[in-house]
Each structure stands twice: as C-alpha cells, then as structure tokens.
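**Q** Pasting start.txt here (compact mmCIF, C-alpha atoms):
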# COMPACT_ATOMS: atom_id res chain seq x y z
CA MET A 190 -13.36 106.36 23.40
CA LEU A 191 -13.84 102.91 21.90
CA SER A 192 -17.54 103.45 21.29
CA TYR A 193 -16.85 106.47 19.08
CA TRP A 194 -14.56 104.51 16.84
CA ALA A 195 -16.83 101.50 16.75
CA CYS A 196 -19.70 103.74 15.62
CA ALA A 197 -17.95 104.77 12.41
CA PRO A 198 -18.04 101.39 10.59
CA MET A 199 -21.60 100.86 11.84
CA ALA A 200 -22.81 104.07 10.23
CA LYS A 201 -21.09 103.20 6.96
CA SER A 202 -22.63 99.71 6.88
CA ALA A 203 -26.11 101.09 7.60
CA LYS A 204 -25.80 103.33 4.54
CA ALA A 205 -24.73 100.38 2.36
CA GLY A 206 -27.63 98.33 3.71
CA GLY A 207 -30.14 101.01 2.76
CA LYS A 208 -29.15 100.89 -0.89
CA ASP A 209 -30.36 97.36 -1.77
CA ARG A 210 -34.02 98.12 -1.02
CA GLY A 211 -35.29 96.86 -4.38
CA ARG A 212 -34.50 93.15 -3.92
CA ASN A 213 -37.14 90.58 -3.04
CA ARG A 214 -37.74 89.59 0.53
CA ILE A 215 -36.11 86.12 0.63
CA GLU A 216 -32.97 87.37 -0.89
CA ARG A 217 -33.04 90.34 1.43
CA ASP A 218 -33.42 88.16 4.51
CA ARG A 219 -30.57 85.99 3.40
CA SER A 220 -28.44 88.97 2.55
CA ARG A 221 -29.31 90.56 5.86
CA GLU A 222 -28.14 87.47 7.67
CA SER A 223 -24.86 87.46 5.82
CA TRP A 224 -24.72 91.20 6.19
CA GLN A 225 -25.10 90.77 9.95
CA ALA A 226 -22.30 88.21 10.04
CA ASP A 227 -20.19 90.37 7.81
CA PHE A 228 -20.90 93.37 9.99
CA ASP A 229 -19.98 91.50 13.16
CA GLU A 230 -16.77 90.40 11.61
CA ARG A 231 -15.89 93.88 10.41
CA LEU A 232 -16.80 95.42 13.76
CA ASP A 233 -14.63 92.86 15.48
CA ARG A 234 -11.76 93.60 13.13
CA ALA A 235 -12.15 97.35 13.60
CA ARG A 236 -12.18 96.95 17.37
CA ARG A 237 -9.08 94.84 17.29
CA ALA A 238 -7.29 97.28 15.02
CA GLU A 239 -8.33 100.17 17.23
CA GLU A 240 -7.11 98.42 20.33
CA GLN A 241 -3.76 97.51 18.89
CA GLU A 242 -2.73 100.10 16.40
CA ALA A 243 -4.30 103.45 17.16
CA PRO A 244 -2.74 104.12 20.55
CA GLU A 245 0.54 102.61 19.47
CA GLY A 246 0.75 104.68 16.28
CA ALA A 247 0.03 107.89 18.13
CA LYS A 248 2.55 106.93 20.78
CA ALA A 249 5.28 106.22 18.22
CA ARG A 250 4.71 109.50 16.42
CA GLY A 251 4.55 111.53 19.60
CA SER A 252 7.39 109.98 21.49
CA ALA A 253 10.12 110.13 18.82
CA MET A 254 10.99 113.69 19.80
CA GLY A 255 10.37 112.97 23.45
CA THR A 256 12.83 110.09 23.23
CA ALA A 257 15.51 112.27 21.68
CA PHE A 258 15.07 114.99 24.27
CA ARG A 259 14.98 112.51 27.11
CA ILE A 260 18.29 110.95 26.14
CA ALA A 261 19.98 114.30 25.53
CA SER A 262 18.83 115.79 28.82
CA GLU A 263 19.89 112.62 30.64
CA LEU A 264 23.46 113.08 29.43
CA ILE A 265 23.59 116.80 30.20
CA ALA A 266 22.06 116.33 33.64
CA GLY A 267 24.83 113.86 34.50
CA LEU A 268 27.52 116.39 33.63
CA VAL A 269 25.75 119.23 35.44
CA VAL A 270 25.16 117.27 38.64
CA GLY A 271 28.67 115.80 38.68
CA GLY A 272 30.20 119.21 38.05
CA PHE A 273 28.07 120.83 40.73
CA ILE A 274 28.95 118.24 43.38
CA GLY A 275 32.66 118.61 42.59
CA TRP A 276 32.50 122.39 42.65
CA GLN A 277 30.67 122.39 45.97
CA LEU A 278 33.12 119.91 47.56
CA ASP A 279 36.01 122.06 46.35
CA ARG A 280 34.45 125.07 48.02
CA TRP A 281 34.07 123.21 51.30
CA PHE A 282 37.54 121.68 51.37
CA ASP A 283 39.25 124.53 49.54
CA SER A 284 40.87 122.01 47.21
CA SER A 285 40.07 123.44 43.78
CA PRO A 286 40.11 121.83 41.24
CA VAL A 287 40.65 118.25 42.49
CA PHE A 288 37.03 117.30 43.26
CA LEU A 289 35.67 119.21 40.29
CA LEU A 290 37.79 117.10 37.93
CA ILE A 291 36.95 113.82 39.65
CA PHE A 292 33.22 114.43 39.89
CA PHE A 293 32.94 115.88 36.41
CA ILE A 294 34.25 112.59 35.05
CA LEU A 295 32.03 110.58 37.42
CA GLY A 296 29.09 112.73 36.34
CA ALA A 297 29.86 112.04 32.70
CA ALA A 298 29.99 108.32 33.50
CA ALA A 299 26.66 108.56 35.31
CA GLY A 300 25.16 110.45 32.37
CA ILE A 301 26.33 107.88 29.85
CA TRP A 302 25.16 105.07 32.13
CA ASN A 303 21.73 106.72 32.29
CA VAL A 304 21.64 107.03 28.50
CA ILE A 305 22.51 103.35 28.06
CA ARG A 306 19.92 102.31 30.62
CA THR A 307 17.22 104.47 29.03
CA ALA A 308 18.07 103.20 25.55
CA LEU A 309 18.01 99.56 26.67
CA GLN A 310 14.70 100.10 28.38
CA MET A 311 13.24 101.70 25.27
CA GLN A 312 14.57 98.92 23.09
CA ALA A 313 12.97 96.31 25.35
CA GLU A 314 9.68 98.19 25.17
CA ALA A 315 9.88 98.45 21.39
CA GLN A 316 10.57 94.72 21.07
CA GLU A 317 7.69 93.96 23.40
CA THR A 318 5.24 96.01 21.36
CA ALA A 319 6.58 94.49 18.14
CA ALA A 320 6.04 91.01 19.59
CA THR A 321 2.46 91.77 20.58
CA LYS A 322 1.77 93.47 17.25
CA ASN A 323 2.93 90.67 14.93
CA PRO A 324 0.33 87.97 15.73
CA GLY A 325 -2.40 90.62 15.42
CA SER A 326 -1.30 91.73 11.94
CA LYS A 327 -1.06 88.08 10.82
CA GLY A 328 -4.65 87.49 11.95
CA ASP A 329 -5.81 90.59 10.06
CA SER A 330 -4.29 89.53 6.75
CA GLY A 331 -5.48 85.89 7.07
CA MET B 171 13.57 144.10 16.44
CA PRO B 172 11.55 143.25 19.55
CA ASP B 173 13.31 141.30 22.23
CA PRO B 174 12.29 137.61 22.03
CA MET B 175 13.13 137.07 25.70
CA HIS B 176 10.82 139.85 26.82
CA GLN B 177 7.94 137.37 27.08
CA PHE B 178 9.66 135.55 29.95
CA GLU B 179 9.94 138.64 32.12
CA ILE B 180 8.40 138.41 35.57
CA LYS B 181 6.25 141.40 36.44
CA ARG B 182 4.95 142.15 39.92
CA LEU B 183 1.22 142.64 39.80
CA VAL B 184 0.60 142.99 43.55
CA GLU B 185 3.56 143.93 45.71
CA LEU B 186 3.76 141.76 48.79
CA ASP B 187 6.51 141.59 51.37
CA VAL B 188 6.47 138.79 53.94
CA PHE B 189 9.15 139.39 56.62
CA GLY B 190 11.62 140.75 54.10
CA LEU B 191 10.80 138.02 51.60
CA ASP B 192 9.53 139.13 48.21
CA ALA B 193 6.27 137.20 47.89
CA SER B 194 4.65 139.46 45.32
CA PHE B 195 1.80 138.21 43.20
CA THR B 196 3.42 138.15 39.75
CA ASN B 197 2.22 137.40 36.25
CA SER B 198 3.69 133.93 36.81
CA SER B 199 1.52 133.46 39.90
CA LEU B 200 -1.49 134.71 37.99
CA PHE B 201 -1.07 132.09 35.28
CA MET B 202 -0.47 129.35 37.83
CA VAL B 203 -3.74 130.30 39.50
CA LEU B 204 -5.45 130.37 36.11
CA ALA B 205 -4.12 126.93 35.23
CA ALA B 206 -5.27 125.51 38.55
CA MET B 207 -8.70 127.13 38.09
CA CYS B 208 -9.01 125.68 34.58
CA VAL B 209 -8.25 122.18 35.89
CA ILE B 210 -10.74 122.60 38.73
CA PHE B 211 -13.33 123.97 36.34
CA LEU B 212 -12.83 121.07 33.93
CA THR B 213 -12.93 118.33 36.53
CA ILE B 214 -15.68 119.69 38.80
CA PHE B 215 -18.02 121.49 36.43
CA GLY B 216 -17.32 119.15 33.55
CA MET B 217 -18.32 116.14 35.64
CA ARG B 218 -21.33 117.85 37.21
CA GLY B 219 -23.82 116.28 34.80
CA ARG B 220 -22.52 112.71 35.28
CA ALA B 221 -24.38 111.79 32.11
CA LEU B 222 -24.18 108.32 30.60
CA VAL B 223 -23.66 109.94 27.21
CA PRO B 224 -21.15 112.61 28.13
CA THR B 225 -21.15 116.18 26.94
CA ARG B 226 -17.97 117.48 25.32
CA MET B 227 -16.54 118.77 28.55
CA GLN B 228 -17.39 115.66 30.52
CA SER B 229 -15.79 113.65 27.75
CA VAL B 230 -12.56 115.64 28.00
CA ALA B 231 -12.53 115.22 31.78
CA GLU B 232 -13.13 111.47 31.45
CA ILE B 233 -10.49 111.01 28.76
CA SER B 234 -7.86 112.80 30.83
CA TYR B 235 -8.79 110.75 33.88
CA GLU B 236 -8.55 107.48 31.95
CA PHE B 237 -5.33 108.57 30.28
CA VAL B 238 -3.56 109.20 33.58
CA ALA B 239 -5.18 106.17 35.24
CA ASN B 240 -3.85 103.90 32.48
CA MET B 241 -0.44 105.54 32.72
CA VAL B 242 -0.28 104.91 36.46
CA ARG B 243 -1.55 101.33 36.12
CA ASP B 244 0.90 100.44 33.35
CA ASN B 245 3.98 102.10 34.82
CA VAL B 246 3.68 101.90 38.58
CA GLY B 247 2.07 98.48 38.88
CA SER B 248 0.72 97.15 42.16
CA GLY B 249 0.07 99.74 44.85
CA GLY B 250 0.31 102.54 42.32
CA GLN B 251 -3.33 103.63 42.41
CA ARG B 252 -2.66 105.36 45.72
CA TYR B 253 -0.48 107.88 43.94
CA PHE B 254 -2.94 108.50 41.14
CA PRO B 255 -4.25 111.80 42.59
CA PHE B 256 -0.74 113.19 42.76
CA VAL B 257 0.21 112.17 39.21
CA PHE B 258 -3.12 113.40 37.88
CA THR B 259 -2.74 116.80 39.57
CA LEU B 260 0.82 117.12 38.34
CA PHE B 261 -0.04 116.15 34.77
CA MET B 262 -3.09 118.40 34.50
CA PHE B 263 -1.33 121.37 36.07
CA ILE B 264 1.68 121.14 33.75
CA LEU B 265 -0.55 120.50 30.74
CA PHE B 266 -2.66 123.57 31.44
CA CYS B 267 0.36 125.74 32.21
CA ASN B 268 1.86 124.72 28.86
CA MET B 269 -1.39 125.12 26.96
CA LEU B 270 -2.22 128.51 28.51
CA GLY B 271 1.25 129.59 27.45
CA MET B 272 0.26 128.94 23.84
CA LEU B 273 -2.36 131.71 23.96
CA PRO B 274 -1.16 135.05 22.60
CA TYR B 275 -0.12 137.60 25.23
CA SER B 276 -0.07 134.93 27.91
CA PHE B 277 2.81 133.93 30.14
CA THR B 278 4.32 130.45 30.09
CA VAL B 279 4.84 129.41 33.68
CA THR B 280 6.83 126.30 32.77
CA SER B 281 9.43 128.30 30.82
CA HIS B 282 11.10 129.20 34.11
CA ILE B 283 13.48 126.61 35.47
CA ILE B 284 12.75 127.50 39.08
CA ILE B 285 9.12 126.41 38.61
CA THR B 286 9.97 123.15 36.86
CA PHE B 287 12.80 122.46 39.29
CA ALA B 288 10.50 123.01 42.26
CA MET B 289 8.06 120.46 40.82
CA ALA B 290 10.84 118.01 40.00
CA ALA B 291 12.27 118.45 43.51
CA VAL B 292 8.89 117.65 45.05
CA VAL B 293 8.74 114.47 42.95
CA PHE B 294 12.34 113.54 43.78
CA ILE B 295 12.10 114.12 47.52
CA GLY B 296 8.68 112.51 47.71
CA VAL B 297 9.82 109.41 45.84
CA THR B 298 12.92 109.10 48.00
CA ILE B 299 10.81 109.34 51.17
CA ILE B 300 8.41 106.71 49.79
CA GLY B 301 11.37 104.44 49.02
CA PHE B 302 12.79 104.70 52.53
CA ALA B 303 9.36 104.40 54.15
CA LYS B 304 8.58 101.25 52.20
CA HIS B 305 11.94 99.46 52.34
CA GLY B 306 13.60 101.12 55.34
CA ILE B 307 17.38 101.23 55.17
CA GLY B 308 17.18 98.47 52.55
CA PHE B 309 16.34 101.14 49.97
CA LEU B 310 20.09 101.88 49.88
CA LYS B 311 20.48 98.55 48.06
CA PHE B 312 18.94 100.41 45.14
CA PHE B 313 22.35 102.02 44.63
CA VAL B 314 24.26 98.75 44.62
CA PRO B 315 24.24 97.12 41.20
CA SER B 316 24.10 93.34 41.24
CA GLY B 317 26.65 90.98 39.66
CA VAL B 318 29.60 93.35 39.80
CA PRO B 319 33.15 92.59 41.04
CA VAL B 320 33.77 93.92 44.57
CA ALA B 321 36.74 96.01 43.44
CA LEU B 322 34.53 98.09 41.15
CA LEU B 323 31.70 98.43 43.66
CA PRO B 324 32.73 101.74 45.34
CA LEU B 325 33.10 103.45 41.99
CA LEU B 326 29.80 102.11 40.68
CA VAL B 327 27.93 103.06 43.85
CA VAL B 328 29.15 106.65 43.47
CA ILE B 329 28.07 106.65 39.84
CA GLU B 330 24.68 105.20 40.78
CA VAL B 331 24.18 107.87 43.44
CA ILE B 332 25.08 110.62 40.97
CA SER B 333 22.78 109.12 38.40
CA TYR B 334 20.00 109.09 41.00
CA LEU B 335 20.70 112.75 41.77
CA THR B 336 20.46 113.68 38.09
CA ARG B 337 16.76 112.80 38.09
CA PRO B 338 15.38 116.15 39.27
CA VAL B 339 17.83 118.01 37.03
CA SER B 340 17.00 116.12 33.84
CA LEU B 341 13.28 116.20 34.68
CA SER B 342 13.19 119.97 35.18
CA VAL B 343 15.64 120.96 32.43
CA ARG B 344 13.73 118.93 29.85
CA LEU B 345 10.42 120.70 30.49
CA PHE B 346 11.92 124.14 30.90
CA ALA B 347 14.22 123.92 27.85
CA ASN B 348 11.45 122.66 25.58
CA MET B 349 9.05 125.40 26.56
CA MET B 350 11.57 128.21 26.50
CA ALA B 351 13.19 127.19 23.22
CA GLY B 352 9.82 126.82 21.51
CA HIS B 353 8.45 130.15 22.67
CA THR B 354 11.67 131.97 21.78
CA MET B 355 11.53 130.44 18.30
CA LEU B 356 7.94 131.59 17.88
CA LYS B 357 8.84 135.13 18.88
CA VAL B 358 11.92 135.24 16.63
CA PHE B 359 9.94 134.09 13.61
CA GLY B 360 7.14 136.47 14.54
CA ALA B 361 9.69 139.27 14.35
CA PHE B 362 10.75 137.98 10.90
CA VAL B 363 7.18 138.26 9.67
CA VAL B 364 6.99 141.88 10.79
CA GLY B 365 10.51 142.68 9.58
CA LEU B 366 10.07 141.26 6.07
CA GLY B 367 6.72 142.96 5.60
CA VAL B 368 3.93 142.15 3.17
CA ILE B 369 6.23 140.86 0.42
CA GLY B 370 8.64 138.56 2.22
CA GLY B 371 6.76 137.86 5.41
CA TRP B 372 4.65 134.99 4.12
CA ALA B 373 7.33 132.30 4.32
CA PRO B 374 8.06 132.80 8.03
CA LEU B 375 4.32 133.12 8.63
CA ALA B 376 3.70 129.71 7.05
CA PHE B 377 6.52 128.30 9.13
CA MET B 378 5.01 129.82 12.25
CA VAL B 379 1.64 128.19 11.61
CA ALA B 380 3.30 124.78 11.35
CA PHE B 381 5.54 125.50 14.30
CA THR B 382 2.60 126.52 16.47
CA GLY B 383 1.09 123.11 15.79
CA LEU B 384 4.35 121.46 16.79
CA GLU B 385 4.49 123.59 19.93
CA ILE B 386 1.03 122.41 20.97
CA LEU B 387 2.25 118.83 20.51
CA VAL B 388 5.34 119.62 22.59
CA ALA B 389 3.20 121.23 25.29
CA PHE B 390 1.23 118.01 25.62
CA LEU B 391 4.22 115.74 25.20
CA GLN B 392 6.28 117.39 27.91
CA ALA B 393 3.44 117.18 30.41
CA TYR B 394 3.14 113.51 29.46
CA VAL B 395 6.88 112.89 29.81
CA PHE B 396 6.97 114.60 33.20
CA ALA B 397 4.05 112.50 34.44
CA ILE B 398 5.32 109.21 33.02
CA LEU B 399 8.79 109.69 34.51
CA THR B 400 7.16 110.42 37.86
CA CYS B 401 5.38 107.07 37.47
CA ILE B 402 8.64 105.30 36.60
CA TYR B 403 10.40 106.82 39.61
CA LEU B 404 7.49 105.78 41.83
CA ASN B 405 7.77 102.27 40.43
CA ASP B 406 11.50 102.21 41.24
CA ALA B 407 10.81 103.34 44.80
CA LEU B 408 7.96 100.89 45.37
CA HIS B 409 9.37 97.79 43.71
CA MET B 410 13.11 98.57 43.67
CA HIS B 411 14.22 97.33 40.31
CA HIS B 412 15.90 99.19 37.53
Once more with this new file: its structure as structure tokens, please.
**A**
Amino acid sequence: MLSYWACAPMAKSAKAGGKDRGRNRIERDRSRESWQADFDERLDRARRAEEQEAPEGAKARGSAMGTAFRIASELIAGLVVGGFIGWQLDRWFDSSPVFLLIFFILGAAAGIWNVIRTALQMQAEAQETAATKNPGSKGDSG
Amino acid sequence: MPDPMHQFEIKRLVELDVFGLDASFTNSSLFMVLAAMCVIFLTIFGMRGRALVPTRMQSVAEISYEFVANMVRDNVGSGGQRYFPFVFTLFMFILFCNMLGMLPYSFTVTSHIIITFAMAAVVFIGVTIIGFAKHGIGFLKFFVPSGVPVALLPLLVVIEVISYLTRPVSLSVRLFANMMAGHTMLKVFGAFVVGLGVIGGWAPLAFMVAFTGLEILVAFLQAYVFAILTCIYLNDALHMHH
C-alpha cells in the first residue's frame, strides 16, 4: 500500500527533472545533487504524511456514522435485554409486572452505563490520536 | 406501488425436511454460499500467483489480510493472533454478504436479524468460554467494578451483567438495522422514480445514486464494526479490563 503512494511523488519529480535538459553539465550535476536531496526530503515527508494522516482521515470520515449507530444501539440493547429478562422472570414466577418494571429500569441503567463507557473510550482514543498527530504536524510546517 | 419489504422475503429453492425440521435451501442460503465462495475464490485463487508485484486480485487479498491483521494486533494485543483466522473469516463473510446484497436482484443475507444474531451469539458464547478458560472462575471478577462502596455493589453487579448480556443484542441489531433500513430506503426511492415518471423522477434518481454510494460505505463499515467489536470483546476476555 505504502509503495503505491510513495510512487506518486517520484513520478512527478522525474517529470520535473526531465524539463531542465538544456543546462550545462556542471550546473546539472549540482542541481541533480540538490534535486536528489530535495527528492529524499519530499519522499520522506510524503511517507510521514501518508503514515499519519491518510488512515486517520479515512477512519474519521468513516466512523462518524458508525459511532452514532454504535451509541444508539448500545442504549436500545440495554432496554431490550433488561425488558426481556424481566418479562421472562415474570413468566416463570407468575409475578407480572414486578420483575418487568425492575429489570426495565436496570436495563436502562445498563444501557446508559454502556453509552458512557463507549463515549469515554472514544474520547480517550480521540485524544490519543490528537496527541500523536500534533508533533507530526509541527514538524511538517517547520 | 411495489412493496419495499418484498426484497427480504425468504423463498425456498430446494425443499428439505430433516426429521420434521424445515432445512430447505433458501435464497438466503444461496447467497450465503455465494458469499463464502467469493471469499474462498479471492483468497485462494487470488493468492495463487504469489507474485512479488501483485496482480489486482492478489492485491485485494493482501490488503484485506493486512487490514484484519492490523485490526487484531491493535485491538486484541498479546495472544490475539491466535484468533485472527476467526476474525478474518467473520469480517470477510459479512463484508461479502453486504456487498453481494448491493447487486440488483440479489438478496441481502445480513438484513435478517436471525442471521446476524446467530453470528453475534457465536461471538458472545465463544468469548465467554475463552474468558472462563483463561481465567477460570476469576473471570466473574469482570462483573465487579473496582472502587465502589460495598452497599452499591449488588446493584452494580446486576447492571454489569445486564450490560454484558446486551453485547450480542447490540452487535446483531446494529448490523441488521443498518442493512434493512438502507435497502428499504433504496426500494422506496426506486418506487418514487417509477411513480414520478420521466418528468419528476430525476430528483429521486439523483438521490438514489448518492444513496447507493453511502450504502456501499455502510456495507463496509458495518462489517468493520462487527469485526472490531469482536476484537474488543476478545481483548476483554483475554486481558480482563474495561
């Protein structure tokens, strides 16, 4: 995957190098040297950017909806499971609707607890990626 | 107007009765077999060349392998590579079921909750067994939150147990609801295109083109979410921390 992306700047630089054919040899050698250094630097920068930003950008775009759905389904699942357990216990003990009421509330609590846990986890992940991203972007601009 | 739910109908293709149990080969079974065959075709025939510079198909097979391998390494941690084959199979199967469902006239296997719930139940039961096998009875400590006053403990343990039990439900409902809602939407807007005719049908058609793109994203995303949550649950069972 990386090699594909690394190829793109290389091809572009090769084209630019082909243009200054008319210069004399000394200047060309010198320019080639600097061109080589310049190329190495640009390749390095492109690799770094690819490593850091490309997967993260795609992830952020893709997972926004996934995040929303994950949190919503977490809450609903809590209610459904709590309600089901209560309903089943009521059927066994013939005590409708005592257990249904208790477990529906417990299920809601479990659902909300899951939502909080998921959100905290996501927040920690976001902060972690932000922390790793910042030094990289500073290095790029400097 | 055509019925938008018609596409989810199960049809028996080959009637089969095993000791009074209806085990007919349905259109759902057909598309599950197709999805499995596609995965096998991609991984076996795609990797047949084993070229250093991969062909397109080998490249796709390698990318999907690396994608899942990275997912397992990042989310399960130490001892996770053992479960890579399972996660890979699960991810590829769901992905191909979802993607095959995007073809016109095809059947979306994952739009039935019984299918997604069966898969989620396998993950849930498997992870629970792994947890008990690895930690013995100590796995029950997973349900006891730390740093909580003793008086609140019984209540919180019940809530923790319920929240553990919600895993298969949220896992299966998420996949099923996404796929069913998306495909119903597509059919409803398809009916709008036909209903409004040549003059008014262009707006819903343009929407449908965009929505089909979104649906392909969702098809991938839901397979990814299913696989990554499996990894997270495995991590919980292996290392026992929230």
**Q** Produce a table with one row for each residue of chain B that has an atom at most 10 Å from any atom of chain A, each row naming the nearest atom pair and its distance in Å at one decimal; use only C-alpha atoms; arrange rows by chain and rising residue number; format as JSON lines.
**A**
{"residue": "B:Ser229", "atom": "CA", "partner": "A:Met190", "partner_atom": "CA", "distance": 8.8}
{"residue": "B:Glu232", "atom": "CA", "partner": "A:Met190", "partner_atom": "CA", "distance": 9.5}
{"residue": "B:Ile233", "atom": "CA", "partner": "A:Met190", "partner_atom": "CA", "distance": 7.7}
{"residue": "B:Glu236", "atom": "CA", "partner": "A:Met190", "partner_atom": "CA", "distance": 9.9}
{"residue": "B:Leu325", "atom": "CA", "partner": "A:Leu295", "partner_atom": "CA", "distance": 8.5}
{"residue": "B:Leu326", "atom": "CA", "partner": "A:Ala299", "partner_atom": "CA", "distance": 9.0}
{"residue": "B:Val328", "atom": "CA", "partner": "A:Leu295", "partner_atom": "CA", "distance": 7.8}
{"residue": "B:Ile329", "atom": "CA", "partner": "A:Ala299", "partner_atom": "CA", "distance": 5.1}
{"residue": "B:Glu330", "atom": "CA", "partner": "A:Ala299", "partner_atom": "CA", "distance": 6.7}
{"residue": "B:Val331", "atom": "CA", "partner": "A:Ala299", "partner_atom": "CA", "distance": 8.5}
{"residue": "B:Ile332", "atom": "CA", "partner": "A:Ala299", "partner_atom": "CA", "distance": 6.2}
{"residue": "B:Ser333", "atom": "CA", "partner": "A:Ala299", "partner_atom": "CA", "distance": 5.0}
{"residue": "B:Tyr334", "atom": "CA", "partner": "A:Ala299", "partner_atom": "CA", "distance": 8.8}
{"residue": "B:Leu335", "atom": "CA", "partner": "A:Val270", "partner_atom": "CA", "distance": 7.1}
{"residue": "B:Thr336", "atom": "CA", "partner": "A:Ala266", "partner_atom": "CA", "distance": 5.4}
{"residue": "B:Arg337", "atom": "CA", "partner": "A:Ala266", "partner_atom": "CA", "distance": 7.8}
{"residue": "B:Pro338", "atom": "CA", "partner": "A:Ala266", "partner_atom": "CA", "distance": 8.7}
{"residue": "B:Val339", "atom": "CA", "partner": "A:Ala266", "partner_atom": "CA", "distance": 5.7}
{"residue": "B:Ser340", "atom": "CA", "partner": "A:Ala266", "partner_atom": "CA", "distance": 5.1}
{"residue": "B:Leu341", "atom": "CA", "partner": "A:Ser262", "partner_atom": "CA", "distance": 8.1}
{"residue": "B:Ser342", "atom": "CA", "partner": "A:Ser262", "partner_atom": "CA", "distance": 9.5}
{"residue": "B:Val343", "atom": "CA", "partner": "A:Ser262", "partner_atom": "CA", "distance": 7.1}
{"residue": "B:Arg344", "atom": "CA", "partner": "A:Ser262", "partner_atom": "CA", "distance": 6.1}
{"residue": "B:Leu345", "atom": "CA", "partner": "A:Phe258", "partner_atom": "CA", "distance": 9.6}
{"residue": "B:Ala347", "atom": "CA", "partner": "A:Ser262", "partner_atom": "CA", "distance": 9.4}
{"residue": "B:Asn348", "atom": "CA", "partner": "A:Phe258", "partner_atom": "CA", "distance": 8.6}
{"residue": "B:Leu387", "atom": "CA", "partner": "A:Gly251", "partner_atom": "CA", "distance": 7.7}
{"residue": "B:Val388", "atom": "CA", "partner": "A:Gly255", "partner_atom": "CA", "distance": 8.4}
{"residue": "B:Phe390", "atom": "CA", "partner": "A:Gly251", "partner_atom": "CA", "distance": 9.4}
{"residue": "B:Leu391", "atom": "CA", "partner": "A:Gly255", "partner_atom": "CA", "distance": 7.0}
{"residue": "B:Gln392", "atom": "CA", "partner": "A:Gly255", "partner_atom": "CA", "distance": 7.5}
{"residue": "B:Tyr394", "atom": "CA", "partner": "A:Gly255", "partner_atom": "CA", "distance": 9.4}
{"residue": "B:Val395", "atom": "CA", "partner": "A:Gly255", "partner_atom": "CA", "distance": 7.3}
{"residue": "B:His412", "atom": "CA", "partner": "A:Arg306", "partner_atom": "CA", "distance": 8.6}
**Q** How many Å lie between atom CA of B:Leu204 and atom CA of B:Phe266, rounded to one decimal?
**A**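 Between atom CA of B:Leu204 and atom CA of B:Phe266 the gap works out to 8.7 Å.
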**Q** How big is the axis-aligned box around the listed atoms of stretch 283-297 of chain B once 6 Å is added on each side, and where is its centre? Give both in Å to one decimal, as lines of an AutoDock Vina configuration file.
**A**
center_x = 10.8
center_y = 118.5
center_z = 41.6
size_x = 17.4
size_y = 30.1
size_z = 24.2
**Q** Check the smallest atom-to-atom distance from each of B:Ile398, B:Leu322, B:Val223, B:Ala231 to B:Phe211 using all atoms listed in the file, then report the winner.
**A**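 Smallest separation from B:Phe211 among the options: B:Ala231.
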**Q** I'd like the neighbourhood of stretch 302-305 of chain B as a PyMOL selection string, where a residue qualifies if any of its atoms comes within 12 Å (using all atoms listed in the file), though same-chain residues fewer than 2 positions away should be ignored.
**A** chain B and resi 249+295-300+307-312+404-410
**Q** At what distance in Å, to one decimal, does atom CA of B:Phe346 lie from atom CA of B:Ile285?
**A**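 A separation of 8.5 Å between them.
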**Q** What does the distance between atom CA of B:Ala290 and atom CA of B:Gly383 come to in Å, to one decimal place?
**A**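 Atom CA of B:Ala290 sits 26.6 Å away from atom CA of B:Gly383.
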**Q** Which residue out of B:Gly367, B:Phe261, B:Ser194, B:Gly360 has the minimum interatomic distance to B:Val379 when only C-alpha atoms are used?
**A**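 Counting only C-alpha atoms, the residue closest to B:Val379 is B:Gly360.
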**Q** Between B:Phe258, B:Phe287, B:Phe359, B:Phe237, which one has atoms that come closest to B:Met378, using only C-alpha atoms?
**A** B:Phe359
**Q** Taking the partial coordinates given, rebuild stretch 261-265 of chain A to contain all heavy atoms; return it as a PDB file, in the frame of the given file.
**A**
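Saved as rebuild09.pdb:
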ATOM      1  N   ALA A 261      19.049 113.168  25.497  1.00  0.00           N
ATOM      2  CA  ALA A 261      19.980 114.300  25.530  1.00  0.00           C
ATOM      3  C   ALA A 261      20.021 114.921  26.925  1.00  0.00           C
ATOM      4  O   ALA A 261      21.105 115.193  27.466  1.00  0.00           O
ATOM      5  CB  ALA A 261      19.560 115.340  24.504  1.00  0.00           C
ATOM      6  N   SER A 262      18.847 115.124  27.522  1.00  0.00           N
ATOM      7  CA  SER A 262      18.830 115.790  28.820  1.00  0.00           C
ATOM      8  C   SER A 262      19.430 114.888  29.904  1.00  0.00           C
ATOM      9  O   SER A 262      19.994 115.365  30.876  1.00  0.00           O
ATOM     10  CB  SER A 262      17.407 116.196  29.196  1.00  0.00           C
ATOM     11  OG  SER A 262      16.599 115.061  29.318  1.00  0.00           O
ATOM     12  N   GLU A 263      19.309 113.562  29.686  1.00  0.00           N
ATOM     13  CA  GLU A 263      19.890 112.620  30.640  1.00  0.00           C
ATOM     14  C   GLU A 263      21.417 112.802  30.698  1.00  0.00           C
ATOM     15  O   GLU A 263      22.021 112.834  31.776  1.00  0.00           O
ATOM     16  CB  GLU A 263      19.556 111.205  30.198  1.00  0.00           C
ATOM     17  CG  GLU A 263      19.306 110.229  31.302  1.00  0.00           C
ATOM     18  CD  GLU A 263      17.882 110.277  31.807  1.00  0.00           C
ATOM     19  OE1 GLU A 263      16.956 109.916  31.051  1.00  0.00           O
ATOM     20  OE2 GLU A 263      17.700 110.672  32.964  1.00  0.00           O
ATOM     21  N   LEU A 264      22.008 112.931  29.523  1.00  0.00           N
ATOM     22  CA  LEU A 264      23.460 113.080  29.430  1.00  0.00           C
ATOM     23  C   LEU A 264      23.913 114.405  30.047  1.00  0.00           C
ATOM     24  O   LEU A 264      24.868 114.460  30.833  1.00  0.00           O
ATOM     25  CB  LEU A 264      23.876 113.006  27.951  1.00  0.00           C
ATOM     26  CG  LEU A 264      25.359 112.974  27.658  1.00  0.00           C
ATOM     27  CD1 LEU A 264      25.985 111.739  28.249  1.00  0.00           C
ATOM     28  CD2 LEU A 264      25.598 113.011  26.162  1.00  0.00           C
ATOM     29  N   ILE A 265      23.212 115.475  29.696  1.00  0.00           N
ATOM     30  CA  ILE A 265      23.590 116.800  30.200  1.00  0.00           C
ATOM     31  C   ILE A 265      23.417 116.875  31.712  1.00  0.00           C
ATOM     32  O   ILE A 265      24.261 117.426  32.422  1.00  0.00           O
ATOM     33  CB  ILE A 265      22.748 117.886  29.480  1.00  0.00           C
ATOM     34  CG1 ILE A 265      23.143 117.944  28.002  1.00  0.00           C
ATOM     35  CG2 ILE A 265      22.947 119.244  30.125  1.00  0.00           C
ATOM     36  CD1 ILE A 265      22.182 118.683  27.136  1.00  0.00           C
TER      37      ILE A 265
END
